[in-house]
file start21.cif (mmCIF, C-alpha atoms; chains and numbers go by the auth columns)
data_input
loop_
_atom_site.group_PDB
_atom_site.id
_atom_site.type_symbol
_atom_site.label_atom_id
_atom_site.label_comp_id
_atom_site.label_asym_id
_atom_site.label_seq_id
_atom_site.Cartn_x
_atom_site.Cartn_y
_atom_site.Cartn_z
_atom_site.B_iso_or_equiv
_atom_site.auth_seq_id
_atom_site.auth_asym_id
ATOM 1 C CA MET A 1 -7.578 -22.208 24.073 0.00 216 A
ATOM 2 C CA MET A 2 -4.888 -21.440 21.520 0.00 217 A
ATOM 3 C CA SER A 3 -3.492 -18.154 20.178 0.00 218 A
ATOM 4 C CA ILE A 4 -3.284 -16.817 16.629 0.00 219 A
ATOM 5 C CA GLU A 5 -1.966 -13.537 15.271 0.00 220 A
ATOM 6 C CA THR A 6 -3.606 -10.802 13.237 0.00 221 A
ATOM 7 C CA SER A 7 -2.231 -7.654 11.634 0.00 222 A
ATOM 8 C CA LYS A 8 -5.589 -5.966 11.002 0.00 223 A
ATOM 9 C CA GLU A 9 -7.626 -3.873 13.393 0.00 224 A
ATOM 10 C CA PRO A 10 -11.256 -4.511 14.326 0.00 225 A
ATOM 11 C CA VAL A 11 -13.934 -1.806 14.254 0.00 226 A
ATOM 12 C CA VAL A 12 -15.783 -0.927 17.451 0.00 227 A
ATOM 13 C CA SER A 13 -18.802 1.370 17.365 0.00 228 A
ATOM 14 C CA ALA A 14 -21.435 2.544 19.834 0.00 229 A
ATOM 15 C CA LEU A 15 -25.060 1.494 19.394 0.00 230 A
ATOM 16 C CA GLY A 16 -26.804 4.219 21.340 0.00 231 A
ATOM 17 C CA THR A 17 -25.696 4.659 24.966 0.00 232 A
ATOM 18 C CA ARG A 18 -26.129 1.098 26.261 0.00 233 A
ATOM 19 C CA ALA A 19 -24.795 -1.122 23.500 0.00 234 A
ATOM 20 C CA MET A 20 -21.693 -1.566 21.364 0.00 235 A
ATOM 21 C CA LEU A 21 -20.808 -3.536 18.217 0.00 236 A
ATOM 22 C CA PHE A 22 -17.400 -5.146 17.754 0.00 237 A
ATOM 23 C CA GLU A 23 -16.665 -6.118 14.111 0.00 238 A
ATOM 24 C CA ALA A 24 -13.762 -8.484 13.575 0.00 239 A
ATOM 25 C CA PRO A 25 -11.266 -7.939 10.729 0.00 240 A
ATOM 26 C CA GLY A 26 -10.587 -10.548 8.084 0.00 241 A
ATOM 27 C CA ALA A 27 -12.691 -12.923 6.049 0.00 242 A
ATOM 28 C CA LEU A 28 -15.552 -14.931 7.487 0.00 243 A
ATOM 29 C CA GLY A 29 -14.267 -18.312 8.648 0.00 244 A
ATOM 30 C CA LEU A 30 -14.300 -20.774 11.526 0.00 245 A
ATOM 31 C CA GLU A 31 -11.012 -19.564 13.030 0.00 246 A
ATOM 32 C CA ASN A 32 -12.240 -15.969 13.219 0.00 247 A
ATOM 33 C CA GLN A 33 -15.556 -17.146 14.643 0.00 248 A
ATOM 34 C CA GLN A 34 -13.735 -19.110 17.337 0.00 249 A
ATOM 35 C CA ARG A 35 -12.035 -15.860 18.339 0.00 250 A
ATOM 36 C CA ILE A 36 -15.458 -14.209 18.560 0.00 251 A
ATOM 37 C CA TRP A 37 -16.663 -17.036 20.834 0.00 252 A
ATOM 38 C CA ALA A 38 -13.610 -16.611 23.075 0.00 253 A
ATOM 39 C CA LEU A 39 -14.040 -12.834 23.202 0.00 254 A
ATOM 40 C CA SER A 40 -17.719 -13.229 24.095 0.00 255 A
ATOM 41 C CA ASN A 41 -16.854 -15.607 26.912 0.00 256 A
ATOM 42 C CA GLN A 42 -14.284 -13.202 28.336 0.00 257 A
ATOM 43 C CA VAL A 43 -16.220 -9.921 28.210 0.00 258 A
ATOM 44 C CA GLN A 44 -19.409 -11.524 29.526 0.00 259 A
ATOM 45 C CA GLN A 45 -17.582 -11.691 32.859 0.00 260 A
ATOM 46 C CA TRP A 46 -16.989 -7.935 32.961 0.00 261 A
ATOM 47 C CA SER A 47 -19.196 -6.229 35.548 0.00 262 A
ATOM 48 C CA LEU A 48 -20.457 -3.548 33.167 0.00 263 A
ATOM 49 C CA VAL A 49 -21.597 -6.026 30.482 0.00 264 A
ATOM 50 C CA ALA A 50 -25.204 -7.212 30.676 0.00 265 A
ATOM 51 C CA GLU A 51 -25.034 -9.497 27.639 0.00 266 A
ATOM 52 C CA ALA A 52 -22.535 -10.517 24.952 0.00 267 A
ATOM 53 C CA VAL A 53 -24.182 -11.780 21.754 0.00 268 A
ATOM 54 C CA PRO A 54 -21.920 -13.402 19.108 0.00 269 A
ATOM 55 C CA GLY A 55 -22.850 -12.713 15.501 0.00 270 A
ATOM 56 C CA MET A 56 -21.192 -13.532 12.193 0.00 271 A
ATOM 57 C CA ASN A 57 -17.687 -12.053 12.541 0.00 272 A
ATOM 58 C CA ASN A 58 -18.996 -9.631 15.154 0.00 273 A
ATOM 59 C CA LEU A 59 -19.998 -9.336 18.787 0.00 274 A
ATOM 60 C CA MET A 60 -22.726 -7.114 20.232 0.00 275 A
ATOM 61 C CA LEU A 61 -22.461 -5.991 23.849 0.00 276 A
ATOM 62 C CA THR A 62 -25.187 -4.480 25.991 0.00 277 A
ATOM 63 C CA PHE A 63 -24.507 -2.691 29.275 0.00 278 A
ATOM 64 C CA HIS A 64 -26.327 -2.616 32.600 0.00 279 A
ATOM 65 C CA GLN A 65 -26.004 1.168 32.468 0.00 280 A
ATOM 66 C CA PRO A 66 -24.325 3.643 30.117 0.00 281 A
ATOM 67 C CA PRO A 67 -20.532 3.645 30.658 0.00 282 A
ATOM 68 C CA GLN A 68 -19.167 6.855 32.140 0.00 283 A
ATOM 69 C CA ALA A 69 -16.433 6.812 29.472 0.00 284 A
ATOM 70 C CA LEU A 70 -16.277 4.632 26.359 0.00 285 A
ATOM 71 C CA GLU A 71 -12.584 5.059 25.539 0.00 286 A
ATOM 72 C CA PRO A 72 -11.239 2.792 28.319 0.00 287 A
ATOM 73 C CA PHE A 73 -13.815 0.174 27.405 0.00 288 A
ATOM 74 C CA TYR A 74 -12.808 0.364 23.731 0.00 289 A
ATOM 75 C CA ASP A 75 -9.173 -0.085 24.691 0.00 290 A
ATOM 76 C CA ALA A 76 -9.903 -3.076 26.943 0.00 291 A
ATOM 77 C CA LEU A 77 -12.000 -4.729 24.257 0.00 292 A
ATOM 78 C CA LEU A 78 -9.332 -4.274 21.593 0.00 293 A
ATOM 79 C CA ALA A 79 -6.641 -5.547 23.943 0.00 294 A
ATOM 80 C CA GLU A 80 -8.682 -8.669 24.656 0.00 295 A
ATOM 81 C CA TRP A 81 -9.098 -9.313 20.925 0.00 296 A
ATOM 82 C CA GLN A 82 -5.388 -8.828 20.257 0.00 297 A
ATOM 83 C CA ARG A 83 -4.571 -11.606 22.718 0.00 298 A
ATOM 84 C CA GLY A 84 -5.746 -13.847 19.861 0.00 299 A
ATOM 85 C CA GLU A 85 -7.461 -16.515 21.945 0.00 300 A
ATOM 86 C CA THR A 86 -9.839 -18.941 20.283 0.00 301 A
ATOM 87 C CA GLN A 87 -12.502 -21.154 21.769 0.00 302 A
ATOM 88 C CA THR A 88 -13.703 -24.451 20.339 0.00 303 A
ATOM 89 C CA LEU A 89 -17.326 -25.287 21.136 0.00 304 A
ATOM 90 C CA GLN A 90 -18.142 -28.989 21.245 0.00 305 A
ATOM 91 C CA GLY A 91 -21.657 -29.479 19.914 0.00 306 A
ATOM 92 C CA ARG A 92 -23.851 -32.043 18.260 0.00 307 A
ATOM 93 C CA VAL A 93 -24.022 -33.112 14.627 0.00 308 A
ATOM 94 C CA VAL A 94 -27.620 -32.737 13.452 0.00 309 A
ATOM 95 C CA GLU A 95 -28.769 -34.308 10.184 0.00 310 A
ATOM 96 C CA LEU A 96 -31.394 -32.447 8.158 0.00 311 A
ATOM 97 C CA PRO A 97 -33.160 -34.411 5.393 0.00 312 A
ATOM 98 C CA VAL A 98 -33.776 -32.056 2.460 0.00 313 A
ATOM 99 C CA TYR A 99 -36.060 -32.182 -0.559 0.00 314 A
ATOM 100 C CA TYR A 100 -34.240 -30.270 -3.283 0.00 315 A
ATOM 101 C CA GLY A 101 -35.848 -28.549 -6.276 0.00 316 A
ATOM 102 C CA GLY A 102 -39.429 -28.638 -7.516 0.00 317 A
ATOM 103 C CA GLU A 103 -41.940 -26.630 -5.514 0.00 318 A
ATOM 104 C CA TYR A 104 -39.559 -26.754 -2.535 0.00 319 A
ATOM 105 C CA GLY A 105 -36.623 -25.245 -4.423 0.00 320 A
ATOM 106 C CA PRO A 106 -37.972 -22.664 -6.897 0.00 321 A
ATOM 107 C CA HIS A 107 -34.569 -20.973 -7.325 0.00 322 A
ATOM 108 C CA LEU A 108 -32.418 -24.059 -7.805 0.00 323 A
ATOM 109 C CA CYS A 109 -32.397 -23.486 -11.570 0.00 324 A
ATOM 110 C CA ASP A 110 -31.242 -19.896 -11.000 0.00 325 A
ATOM 111 C CA VAL A 111 -28.280 -21.196 -8.999 0.00 326 A
ATOM 112 C CA ALA A 112 -27.512 -23.628 -11.825 0.00 327 A
ATOM 113 C CA GLN A 113 -27.635 -20.835 -14.385 0.00 328 A
ATOM 114 C CA HIS A 114 -25.335 -18.625 -12.321 0.00 329 A
ATOM 115 C CA THR A 115 -22.768 -21.300 -11.487 0.00 330 A
ATOM 116 C CA GLY A 116 -22.881 -23.260 -14.755 0.00 331 A
ATOM 117 C CA LEU A 117 -23.238 -26.495 -12.767 0.00 332 A
ATOM 118 C CA SER A 118 -25.898 -29.148 -13.194 0.00 333 A
ATOM 119 C CA ILE A 119 -28.726 -29.499 -10.697 0.00 334 A
ATOM 120 C CA ALA A 120 -27.338 -32.823 -9.539 0.00 335 A
ATOM 121 C CA GLU A 121 -23.875 -31.352 -8.979 0.00 336 A
ATOM 122 C CA ILE A 122 -25.201 -28.351 -7.031 0.00 337 A
ATOM 123 C CA VAL A 123 -27.192 -30.662 -4.768 0.00 338 A
ATOM 124 C CA ARG A 124 -24.183 -32.925 -4.245 0.00 339 A
ATOM 125 C CA ARG A 125 -21.866 -30.030 -3.387 0.00 340 A
ATOM 126 C CA HIS A 126 -24.437 -28.431 -1.114 0.00 341 A
ATOM 127 C CA ALA A 127 -25.067 -31.619 0.865 0.00 342 A
ATOM 128 C CA GLU A 128 -21.418 -32.678 1.125 0.00 343 A
ATOM 129 C CA PRO A 129 -19.930 -30.334 3.819 0.00 344 A
ATOM 130 C CA LEU A 130 -20.448 -30.503 7.550 0.00 345 A
ATOM 131 C CA TYR A 131 -21.662 -26.978 8.345 0.00 346 A
ATOM 132 C CA PRO A 132 -20.672 -25.456 11.707 0.00 347 A
ATOM 133 C CA VAL A 133 -23.264 -23.235 13.386 0.00 348 A
ATOM 134 C CA TYR A 134 -21.490 -19.898 13.829 0.00 349 A
ATOM 135 C CA ALA A 135 -24.243 -17.855 15.457 0.00 350 A
ATOM 136 C CA LEU A 136 -27.987 -17.454 15.962 0.00 351 A
ATOM 137 C CA GLY A 137 -29.894 -14.434 14.736 0.00 352 A
ATOM 138 C CA SER A 138 -32.127 -12.851 12.096 0.00 353 A
ATOM 139 C CA HIS A 139 -35.210 -14.492 13.622 0.00 354 A
ATOM 140 C CA PRO A 140 -35.783 -16.993 16.483 0.00 355 A
ATOM 141 C CA GLY A 141 -33.952 -20.261 15.850 0.00 356 A
ATOM 142 C CA TYR A 142 -32.192 -19.164 12.676 0.00 357 A
ATOM 143 C CA CYS A 143 -28.620 -20.471 12.382 0.00 358 A
ATOM 144 C CA TYR A 144 -25.788 -18.776 10.532 0.00 359 A
ATOM 145 C CA LEU A 145 -23.744 -21.575 8.962 0.00 360 A
ATOM 146 C CA GLY A 146 -20.178 -21.633 7.669 0.00 361 A
ATOM 147 C CA GLY A 147 -18.385 -23.938 5.287 0.00 362 A
ATOM 148 C CA MET A 148 -20.382 -23.835 2.055 0.00 363 A
ATOM 149 C CA ASP A 149 -18.521 -24.828 -1.119 0.00 364 A
ATOM 150 C CA PRO A 150 -17.676 -21.477 -2.797 0.00 365 A
ATOM 151 C CA SER A 151 -18.339 -22.975 -6.237 0.00 366 A
ATOM 152 C CA ILE A 152 -22.101 -22.822 -5.594 0.00 367 A
ATOM 153 C CA ALA A 153 -22.086 -19.276 -4.177 0.00 368 A
ATOM 154 C CA THR A 154 -24.855 -17.223 -5.783 0.00 369 A
ATOM 155 C CA PRO A 155 -25.701 -13.529 -5.265 0.00 370 A
ATOM 156 C CA ARG A 156 -28.812 -12.653 -3.353 0.00 371 A
ATOM 157 C CA ARG A 157 -31.889 -11.985 -5.434 0.00 372 A
ATOM 158 C CA GLN A 158 -32.389 -8.469 -6.767 0.00 373 A
ATOM 159 C CA THR A 159 -36.051 -8.646 -5.765 0.00 374 A
ATOM 160 C CA PRO A 160 -36.694 -10.375 -2.428 0.00 375 A
ATOM 161 C CA VAL A 161 -39.447 -12.948 -2.092 0.00 376 A
ATOM 162 C CA LEU A 162 -42.198 -11.639 0.185 0.00 377 A
ATOM 163 C CA SER A 163 -42.636 -14.936 2.021 0.00 378 A
ATOM 164 C CA ILE A 164 -40.838 -18.262 2.143 0.00 379 A
ATOM 165 C CA PRO A 165 -41.951 -21.100 4.423 0.00 380 A
ATOM 166 C CA GLY A 166 -40.165 -22.246 7.543 0.00 381 A
ATOM 167 C CA GLY A 167 -37.650 -24.937 6.651 0.00 382 A
ATOM 168 C CA ALA A 168 -36.661 -23.303 3.345 0.00 383 A
ATOM 169 C CA VAL A 169 -33.043 -24.147 2.504 0.00 384 A
ATOM 170 C CA SER A 170 -31.406 -21.266 0.680 0.00 385 A
ATOM 171 C CA ILE A 171 -28.159 -19.827 -0.680 0.00 386 A
ATOM 172 C CA GLY A 172 -27.255 -16.155 -0.307 0.00 387 A
ATOM 173 C CA GLY A 173 -23.820 -15.136 -1.536 0.00 388 A
ATOM 174 C CA VAL A 174 -21.188 -17.414 0.039 0.00 389 A
ATOM 175 C CA GLN A 175 -23.562 -18.669 2.736 0.00 390 A
ATOM 176 C CA THR A 176 -26.332 -21.199 3.063 0.00 391 A
ATOM 177 C CA GLY A 177 -29.035 -21.327 5.698 0.00 392 A
ATOM 178 C CA VAL A 178 -32.439 -22.675 6.647 0.00 393 A
ATOM 179 C CA SER A 179 -35.352 -20.402 7.500 0.00 394 A
ATOM 180 C CA ALA A 180 -36.650 -21.197 10.976 0.00 395 A
ATOM 181 C CA SER A 181 -40.047 -19.614 10.283 0.00 396 A
ATOM 182 C CA ALA A 182 -42.034 -18.102 7.437 0.00 397 A
ATOM 183 C CA GLY A 183 -41.051 -14.643 6.272 0.00 398 A
ATOM 184 C CA PRO A 184 -39.466 -12.553 3.495 0.00 399 A
ATOM 185 C CA SER A 185 -36.100 -13.485 2.011 0.00 400 A
ATOM 186 C CA GLY A 186 -33.662 -12.278 -0.621 0.00 401 A
ATOM 187 C CA TRP A 187 -31.845 -15.607 -0.758 0.00 402 A
ATOM 188 C CA ASN A 188 -32.191 -18.325 -3.399 0.00 403 A
ATOM 189 C CA THR A 189 -34.404 -21.134 -2.090 0.00 404 A
ATOM 190 C CA ILE A 190 -33.154 -24.526 -3.298 0.00 405 A
ATOM 191 C CA GLY A 191 -34.915 -26.990 -1.005 0.00 406 A
ATOM 192 C CA HIS A 192 -36.916 -27.713 2.131 0.00 407 A
ATOM 193 C CA THR A 193 -36.549 -29.579 5.423 0.00 408 A
ATOM 194 C CA GLU A 194 -39.171 -30.446 8.039 0.00 409 A
ATOM 195 C CA PHE A 195 -36.716 -29.893 10.892 0.00 410 A
ATOM 196 C CA VAL A 196 -38.075 -27.627 13.669 0.00 411 A
ATOM 197 C CA PHE A 197 -35.588 -24.949 14.761 0.00 412 A
ATOM 198 C CA PHE A 198 -37.763 -23.062 17.240 0.00 413 A
ATOM 199 C CA ASP A 199 -40.604 -24.086 19.526 0.00 414 A
ATOM 200 C CA ALA A 200 -41.754 -21.573 22.150 0.00 415 A
ATOM 201 C CA THR A 201 -43.506 -24.321 24.142 0.00 416 A
ATOM 202 C CA VAL A 202 -40.326 -26.238 25.031 0.00 417 A
ATOM 203 C CA THR A 203 -37.186 -25.449 27.041 0.00 418 A
ATOM 204 C CA PRO A 204 -34.896 -24.382 25.539 0.00 419 A
ATOM 205 C CA PRO A 205 -37.042 -23.087 22.653 0.00 420 A
ATOM 206 C CA VAL A 206 -34.095 -22.956 20.209 0.00 421 A
ATOM 207 C CA THR A 207 -33.012 -26.371 18.891 0.00 422 A
ATOM 208 C CA LEU A 208 -29.476 -25.598 17.707 0.00 423 A
ATOM 209 C CA ARG A 209 -26.716 -23.474 19.200 0.00 424 A
ATOM 210 C CA PRO A 210 -23.251 -22.221 18.216 0.00 425 A
ATOM 211 C CA GLY A 211 -20.793 -25.110 18.094 0.00 426 A
ATOM 212 C CA ASP A 212 -23.336 -27.564 16.706 0.00 427 A
ATOM 213 C CA SER A 213 -22.915 -28.782 13.122 0.00 428 A
ATOM 214 C CA VAL A 214 -25.489 -29.371 10.395 0.00 429 A
ATOM 215 C CA GLN A 215 -25.285 -32.155 7.849 0.00 430 A
ATOM 216 C CA PHE A 216 -27.765 -31.918 4.983 0.00 431 A
ATOM 217 C CA ARG A 217 -29.024 -35.274 3.699 0.00 432 A
ATOM 218 C CA ILE A 218 -30.491 -35.588 0.204 0.00 433 A
ATOM 219 C CA GLN A 219 -33.996 -36.942 0.696 0.00 434 A
ATOM 220 C CA LYS A 220 -35.029 -36.463 -2.922 0.00 435 A
ATOM 221 C CA VAL A 221 -34.290 -34.224 -5.905 0.00 436 A
ATOM 222 C CA LEU A 222 -37.527 -33.066 -7.525 0.00 437 A
ATOM 223 C CA SER A 223 -37.921 -31.900 -11.091 0.00 438 A
#
call {"tool": "encode", "arguments": {"input": "start21.cif", "output": "structure tokens"}}
result
Amino acid sequence: MMSIETSKEPVVSALGTRAMLFEAPGALGLENQQRIWALSNQVQQWSLVAEAVPGMNNLMLTFHQPPQALEPFYDALLAEWQRGETQTLQGRVVELPVYYGGEYGPHLCDVAQHTGLSIAEIVRRHAEPLYPVYALGSHPGYCYLGGMDPSIATPRRQTPVLSIPGGAVSIGGVQTGVSASAGPSGWNTIGHTEFVFFDATVTPPVTLRPGDSVQFRIQKVLS
């Protein structure tokens, strides 16, 4: 592990009597997420902590029983963060073939209109980065990804779509992601992949994990 410095303070808040949310300061990025991973690894070893769940720029803790006093726990958590340790997770690179546009990407034209870029350029810029998996959440198997080109960032939709299929590749603000199962979404769907992120019949049921990386591959651009 390596150390980095920060001049901003995190926010720690109680979630009822048996859980706590730690929100990291600073912009979303891999370096901050590596600090979250390191913090999770450290506090998971504390006797009071039942589970440490890394999120995007945050960490949720659950306790075996309500702490007798929260203030000492707050102080210990903040002190651990201020040590500035980071953890690098060595994972796999997983390629996801994507069909962009057409019936699979009904909002690709909306992204083009917002960014002023051509469809071909949006697809190229979207498929170019290697996206690190920061965290799992939202629904089983869903991966929060970092590293999207900011030039194709597009605000979430004012009116969410009631249901998008599993495998929908979407852009929401400065992030991109792939829906692991069917459900509502306020993101802009630009494509589709057949990759399976969650299967309750296998062990482990979740295909990807933090530290893995996703590489989108352009299967076809549909009109």
call {"tool": "closest_residue", "arguments": {"input": "start21.cif", "among": "A:Pro355, A:Gly382, A:Gly406, A:Pro375", "to": "Thr422 (chain A)", "atoms": "all atoms listed in the file"}}
result
A:Pro355
call {"tool": "atom_distance", "arguments": {"input": "start21.cif", "atom1": "CA of Met275 (chain A)", "atom2": "CA of Ala397 (chain A)"}}
result
25.6 Å
call {"tool": "atom_distance", "arguments": {"input": "start21.cif", "atom1": "CA of Asn247 (chain A)", "atom2": "CA of Gly361 (chain A)"}}
result
11.2 Å
call {"tool": "atom_distance", "arguments": {"input": "start21.cif", "atom1": "CA of Ser353 (chain A)", "atom2": "CA of Pro269 (chain A)"}}
result
12.4 Å
call {"tool": "closest_residue", "arguments": {"input": "start21.cif", "among": "A:Glu295, A:Glu224, A:Glu286, A:Asp325", "to": "Asn256 (chain A)", "atoms": "all atoms listed in the file"}}
result
A:Glu295
call {"tool": "resolve_selection", "arguments": {"input": "start21.cif", "expression": "the PyMOL selection byres ((chain A and resi 386) around 7)", "output": "mmCIF file with C-alpha atoms, in the coordinates of the input"}}
result
data_model
loop_
_atom_site.group_PDB
_atom_site.id
_atom_site.type_symbol
_atom_site.label_atom_id
_atom_site.label_comp_id
_atom_site.auth_asym_id
_atom_site.auth_seq_id
_atom_site.Cartn_x
_atom_site.Cartn_y
_atom_site.Cartn_z
ATOM 1 C CA THR A 369 -24.855 -17.223 -5.783
ATOM 2 C CA SER A 385 -31.406 -21.266 0.680
ATOM 3 C CA GLY A 387 -27.255 -16.155 -0.307
ATOM 4 C CA GLY A 388 -23.820 -15.136 -1.536
ATOM 5 C CA GLN A 390 -23.562 -18.669 2.736
ATOM 6 C CA THR A 391 -26.332 -21.199 3.063
ATOM 7 C CA GLY A 392 -29.035 -21.327 5.698
ATOM 8 C CA TRP A 402 -31.845 -15.607 -0.758
ATOM 9 C CA ASN A 403 -32.191 -18.325 -3.399
ATOM 10 C CA THR A 404 -34.404 -21.134 -2.090
#
call {"tool": "resolve_selection", "arguments": {"input": "start21.cif", "expression": "the PyMOL selection byres ((chain A and resi 227) around 6)", "output": "MDAnalysis selection string"}}
result
chainID A and resid 226 228 236:237
call {"tool": "residues_around", "arguments": {"input": "start21.cif", "residues": "Leu276 (chain A)", "least_positions_apart": "6", "cutoff": "10 Å", "atoms": "all atoms listed in the file", "output": "count of residues only"}}
result
17
call {"tool": "closest_residue", "arguments": {"input": "start21.cif", "among": "A:Ile405, A:Ile251, A:Leu285, A:Val309", "to": "Gly231 (chain A)", "atoms": "all atoms listed in the file"}}
result
A:Leu285
call {"tool": "resolve_selection", "arguments": {"input": "start21.cif", "expression": "the PyMOL selection byres ((chain A and resi 292) around 10)", "output": "VMD selection string"}}
result
chain A and resid 225 227 237 254 257 to 258 286 to 291 293 to 297
call {"tool": "closest_residue", "arguments": {"input": "start21.cif", "among": "A:Val376, A:Gln434, A:Ala253, A:Gly244", "to": "Arg339 (chain A)", "atoms": "all atoms listed in the file"}}
result
A:Gln434
call {"tool": "residues_around", "arguments": {"input": "start21.cif", "residues": "Gln249 (chain A)", "least_positions_apart": "3", "cutoff": "12 Å", "atoms": "only C-alpha atoms", "output": "VMD selection string"}}
result
chain A and resid 216 to 219 239 243 to 246 252 to 256 269 to 274 296 299 to 305 347 to 350 361 425 to 426
call {"tool": "residues_around", "arguments": {"input": "start21.cif", "residues": "region 314-319 of chain A", "least_positions_apart": "6", "cutoff": "7 Å", "atoms": "all atoms listed in the file", "output": "ChimeraX atom specification"}}
result
/A:405-408,433-438
call {"tool": "decode", "arguments": {"input": "start21.cif", "residues": "region 241-264 of chain A", "atoms": "C-alpha atoms", "output": "PDB file, in the first residue's frame"}}
result
ATOM      1  CA  GLY A 241     -13.048  14.839  -3.195  1.00  0.00           C
ATOM      2  CA  ALA A 242     -14.055  13.949  -6.717  1.00  0.00           C
ATOM      3  CA  LEU A 243     -14.887  10.432  -7.823  1.00  0.00           C
ATOM      4  CA  GLY A 244     -11.748   8.742  -9.134  1.00  0.00           C
ATOM      5  CA  LEU A 245      -9.668   5.582  -8.947  1.00  0.00           C
ATOM      6  CA  GLU A 246      -7.247   6.937  -6.331  1.00  0.00           C
ATOM      7  CA  ASN A 247     -10.074   7.834  -3.950  1.00  0.00           C
ATOM      8  CA  GLN A 248     -11.714   4.469  -4.584  1.00  0.00           C
ATOM      9  CA  GLN A 249      -8.462   2.694  -3.744  1.00  0.00           C
ATOM     10  CA  ARG A 250      -8.532   4.485  -0.391  1.00  0.00           C
ATOM     11  CA  ILE A 251     -12.085   3.227   0.139  1.00  0.00           C
ATOM     12  CA  TRP A 252     -10.922  -0.338  -0.605  1.00  0.00           C
ATOM     13  CA  ALA A 253      -8.069   0.010   1.897  1.00  0.00           C
ATOM     14  CA  LEU A 254     -10.370   1.475   4.547  1.00  0.00           C
ATOM     15  CA  SER A 255     -12.862  -1.354   4.026  1.00  0.00           C
ATOM     16  CA  ASN A 256     -10.123  -3.938   4.437  1.00  0.00           C
ATOM     17  CA  GLN A 257      -8.931  -2.358   7.677  1.00  0.00           C
ATOM     18  CA  VAL A 258     -12.249  -1.784   9.463  1.00  0.00           C
ATOM     19  CA  GLN A 259     -13.593  -5.206   8.486  1.00  0.00           C
ATOM     20  CA  GLN A 260     -11.104  -6.565  11.023  1.00  0.00           C
ATOM     21  CA  TRP A 261     -12.580  -4.527  13.876  1.00  0.00           C
ATOM     22  CA  SER A 262     -14.524  -6.711  16.310  1.00  0.00           C
ATOM     23  CA  LEU A 263     -17.618  -4.503  16.314  1.00  0.00           C
ATOM     24  CA  VAL A 264     -17.978  -4.464  12.504  1.00  0.00           C
TER      25      VAL A 264
END
